Every structure is written in structure tokens, then in C-alpha cells.
Amino acid sequence: MGVIYHIGQYFLLMSRVFKKPEKKSMYLHQLVLEIEKLGINSVGIVAIISVFMGGIITLQLTYNMVNPLMPTYIIGLGNRDTLILEFSSTVLSLMLAGKVGSNIASEIGSMRVTEQIDSMEIMGVNSASYLILPKIIAVVFMSPLLFIISVTCGIFGGLITGPLSGVVTVATYTTGITTMFVPFYVYFSIIKTLVFGFLIATIPAYLGFYVQGGALEVGRASTKAVVNTSILILFFDLILTQLLFK
Amino acid sequence: MIEIRNICKSFEGREVLKDISTMFEKGKTNLIIGQSGSGKTVLLKSIVGLIQIEHGEILFDGRDTRLMNFKEQKLLRQEIGMVFQNGALFDSLSVEKNVRFPMDMFTTMTMKEKTSRLNFCLERVNILNSNRLYPAEISGGMRKRVAIARAIALNPKYLFCDEPNSGLDPVTSILIDALIKEITAEFDITTVINTHDMNSVMEIGDRILFISEGQKCWEGNNTQIFNTRNKKLNAFVFASPFSKRFKEIRQMEDDE
């Protein structure tokens, strides 16, 4: 019953979000701010994590997969495909659910409990659309870009770690990352990041928008937002993998 | 003028508003008073449409809100200004942007016209040289004044204030009360204030509605409130020993 209620409420909120804006210029201004806040400000952390993950994947592949019967360029190939297929799309989205999702839930939740949303409603502003739509567009727009940055940084991380630790040469690693490249993997992951981006923006926004109480409830909503978004990301990862690879 | 007829509202089976009818007059400060939990805020939020009522009618200058379509309701809301208990200023916007927000959103005014209106509103509430400050950087009294400036930015026909004096010292409270009363008279608007501040009741209560346990208990003005025999109202208004003594002295003077 509770789940059905929340699904219904979520879709009702979305129907309010995707309404014609009162004033496009105001929404556009808000969109630019959200792109900076939710997207650009995440580039640093995405790059750092991806460089380290690229390095770690390279070492793990070396110690667990390489044997005399396998060519060593498989390290570069494996690193590239792991990053493209799962890490830079799914794991990165899980990380963004923590960073961006909690930010969205707490921001909107705080506005709710301090009556800022009510004051917008009184003015005649569609608060759901004004507050949530720019966030959705910003996160959905930035997710593929962050994915590309992550893949690039991850491959670069492997390129540094592999030769430095002496497990693979630059030439062999480069051969690996350029061998048997399947462009579909990239399209598949970009589709995933778009779906995950939508979840990262809308689930926390929903939980923040309907929060009731005070600071404690805002904190709870924020935690709930991260947990629920993470679960839904993994659930949709499963569905999309089955649908797109079938 | 705002008229409400037979308003009822309940939450999870508990009746919060029970058949309340009254009239809020234009150009006057209309007060809703009552104990905490008596239903004042629910009544105020029901009138402005933030809470959906189960039964009853709300008429803004004869326009029934139930018969309005979505567009008409939206237009009506642009005629309403509201000051919330804690100001409800947008944290991420400066004082200037907060007051300009309704103008940016709903008007086609030029930047020059907006700036002129913004300066007028801020001067009217005596906020000077604070345009670039953020809500977190100003005092509670200033926040209320900025909220009033934002509420009057679009020349509203109706002004609603939810406990405008809460959390303020007596001197600032008097200033806020005087400001609301002046603005009401100056712009000839219908003002409805939700309060349990007795100074406000005495000073600016042109028309007072007393509600208790969700029911209308008494209606009158700030002169009549002294002479009422309504037990619930007397218990509420003259709750403190000081005010009790004040009433006794006043009655003794009247008897003499």
C-alpha cells in the first residue's frame, strides 16, 4: 500500500514538474545555476575517483587474470570495458546519488519545512516545476558528460599505474585500450547514465518535496533519498542490461 | 473584502475547523486570535488555498474560489501577499532578489521599473543599505520587514500575515504592527493577521475573530474586547496577572 501510494505521488509530482514554465528566462537562469552546482562541481570528485579506480582495476586485472596463456594487452582492454560498461556509468551514478541526491533532498526539504515552498505557491509559482525541472535537466544533461570524463580519467589512471608498478608497458596498455573496441558499449552506457541521471534528480526531489516536520525529518529524507536512489539505480541497471544486451 | 462561510477541515478524523463563518473587511487589519493549536494557522492557510477545505465557501470580493479554474486561481494568488511566521525568505537569494522575485516571475517590467519598485518597497519597510545581504545575515525583525516588502511588491489586494510578531522583541513587534497597519490603510488592502500577541490585538485590531478548539467563539474590535463577558476570550486575553489587574482597574474606572 505504502509503495503504491508513493509511486502515485511520485507520478503526480512529475506531472506538475513537466508543466509549461511561468517564465522561461527565470527557469533558464535556474538551470545554469543547477548545472554549475550539480554538474560542474562534481567534475573534481568524479575525476579523482576515476583515476584511482582505473589504477585499481589495472592492478586487479594483472594479479587475477593475467597468465602466460593470455596476452598482457588484456589489462588495458579489461580496464577500458570495465570502466565503460559498469564503473563510469553505474558505480559513478551510485556515487552521484550520494553527493547530488542528498544535496537535492536536503535543499528542497529545507525549503519545505521553512515554508519557502508555500510562499512560492502563494505567489502563484508552480514550485514543483521551478525547483525540480532545472535540476532534472541539469543532472540528465551532465551525467553523460561526467561519464565521458570518468572513462577518460579511469583509462589515464591505468596508464599511470600499470607502467609505474611494472605490470604492463605503455605500448601494451595502449594496444589493449584500442583493441576490440565495441562502440555499442558506449551508447549502452550513455543510455544508462541518462536513466540514472533522471532517477538521481527525481527521487530525492520527491522525498524532499513532501517532507514534513523539521531538521530531523530533512536529514532522514536525505538518507532515504540516497538509499532509495541507489537501489533503483541497481534495479534499472539490471533491467537495462537485460533489455539492451538481449 | 474576504468572506468565508461554514468552513470545515479535519485531519485524520480530528476536526480542526468547525463551521467557521466571518468577513474580513477591506482597508482594515483583521485579526484571527486564539490559543496555540486552536486552528488559526489552518484557517489562514485554508483561506489562501494552501490547505484544501472539506466544506464551505471562500469569497475574495465575491469571487468564489471553488468555482475558479486553475488559471483563475493562479491569477488570484498574484493578488495575494503573504508574510509567513519566520519570513520564509529564499535562503539562496539576497534581500534585493527576494523582493524582486515576484516581479521577475510575473511581470514584464523593465529592469529600471523593477529597481524603482524594489527601492520603493524596501524604503517603505525601512530597509536601507541591506540589498546585497542574505536572509541568514539579517536579524529576525529585518527578515519580517523584507517579507512584508516582498509581499507588497506586486501591489496585492489581500495581505495575510501568520504571526508576524513571533520571536521579536516588544519594540520591534510594535514597529511591525504599525507598519502593517500603515500599509493596509495606504494601499487600501484587506489584511488578515494571525496572532496571539496581545499588544497587536490592542493596537491594530480593527476587527478581531477569536477561535477556540476550531470554533468561532467571538467577533468584535479592540474596544469591545475589554468589555466582553465571553469567558473563553477573557481567559485567553487576560491570562497574565498583569493583564488581569489591568482589566480590573479599567472596570473599576468604568464603574466610577
# chains A, B, ... in the order shown; residues from 1 in each chain; ligands from 1
>>> select_by_dssp(residues="stretch 50-178 of chain B", states="helix (DSSP H, G or I)", output="PyMOL selection string")
chain B and resi 65-67+70-77+95-106+111-124+135-137+140-151+170-178
>>> interface_residues(of="chain A", to="chain B", cutoff="6 Å", atoms="only C-alpha atoms", output="list in words")
Thr114, Glu115, Gln116, Ile122, Met123 and Gly124 of chain A
>>> residues_around(residues="B:Val42", least_positions_apart="6", cutoff="8 Å", atoms="only C-alpha atoms", output="MDAnalysis selection string")
chainID B and resid 16:17 51
>>> residues_around(residues="B:Gly140", least_positions_apart="2", cutoff="10 Å", atoms="only C-alpha atoms", output="list of chain:residue names")
B:Asn86, B:Gly87, B:Pro135, B:Ala136, B:Glu137, B:Ile138, B:Met142, B:Arg143, B:Lys144, B:Arg145, B:Val146, B:Asn165, B:Ser166, B:Gly167, B:Leu168, B:Asp169, B:Thr172
>>> atom_distance(atom1="atom CA of A:Ala97", atom2="atom CA of A:Ser42")
11.4 Å
>>> select_by_dssp(residues="stretch 196-249 of chain B", states="strand (DSSP E or B)", output="PyMOL selection string")
chain B and resi 207-212+215-220
>>> residues_around(residues="stretch 150-164 of chain A", least_positions_apart="3", cutoff="6 Å", atoms="only C-alpha atoms", output="JSON, numbers by chain")
{"A": [47, 50, 51, 54, 55, 58, 83, 88, 146, 147, 167, 168, 169]}
>>> atom_distance(atom1="atom CA of B:Lys181", atom2="atom CA of B:Thr29")
6.4 Å
>>> residues_around(residues="B:Glu3", least_positions_apart="6", cutoff="10 Å", atoms="only C-alpha atoms", output="list in words")
Ser21, Thr22, Met23, Phe24, Glu25, Ile47, Glu57, Ile58, Leu59, Phe60, Asp61, Gly62, Arg63 and Asp64 of chain B
>>> write_last_selection(atoms="C-alpha atoms", output="PDB file, in the first residue's frame")
ATOM      1  CA  SER B  21     -18.019  31.940   9.003  1.00  0.00           C
ATOM      2  CA  THR B  22     -16.819  35.528   9.052  1.00  0.00           C
ATOM      3  CA  MET B  23     -15.921  38.542   6.976  1.00  0.00           C
ATOM      4  CA  PHE B  24     -12.581  40.328   6.656  1.00  0.00           C
ATOM      5  CA  GLU B  25     -13.032  43.958   5.707  1.00  0.00           C
ATOM      6  CA  ILE B  47      -8.186  30.874   3.047  1.00  0.00           C
ATOM      7  CA  GLU B  57     -17.024  28.778   0.723  1.00  0.00           C
ATOM      8  CA  ILE B  58     -14.258  31.356   0.453  1.00  0.00           C
ATOM      9  CA  LEU B  59     -15.060  34.518  -1.454  1.00  0.00           C
ATOM     10  CA  PHE B  60     -12.482  37.123  -2.453  1.00  0.00           C
ATOM     11  CA  ASP B  61     -14.516  40.226  -3.303  1.00  0.00           C
ATOM     12  CA  GLY B  62     -17.403  37.977  -4.249  1.00  0.00           C
ATOM     13  CA  ARG B  63     -15.281  35.540  -6.281  1.00  0.00           C
ATOM     14  CA  ASP B  64     -15.850  32.012  -5.052  1.00  0.00           C
TER      15      ASP B  64
END
>>> atom_distance(atom1="atom CA of B:Cys8", atom2="atom CA of B:Gly39")
10.8 Å
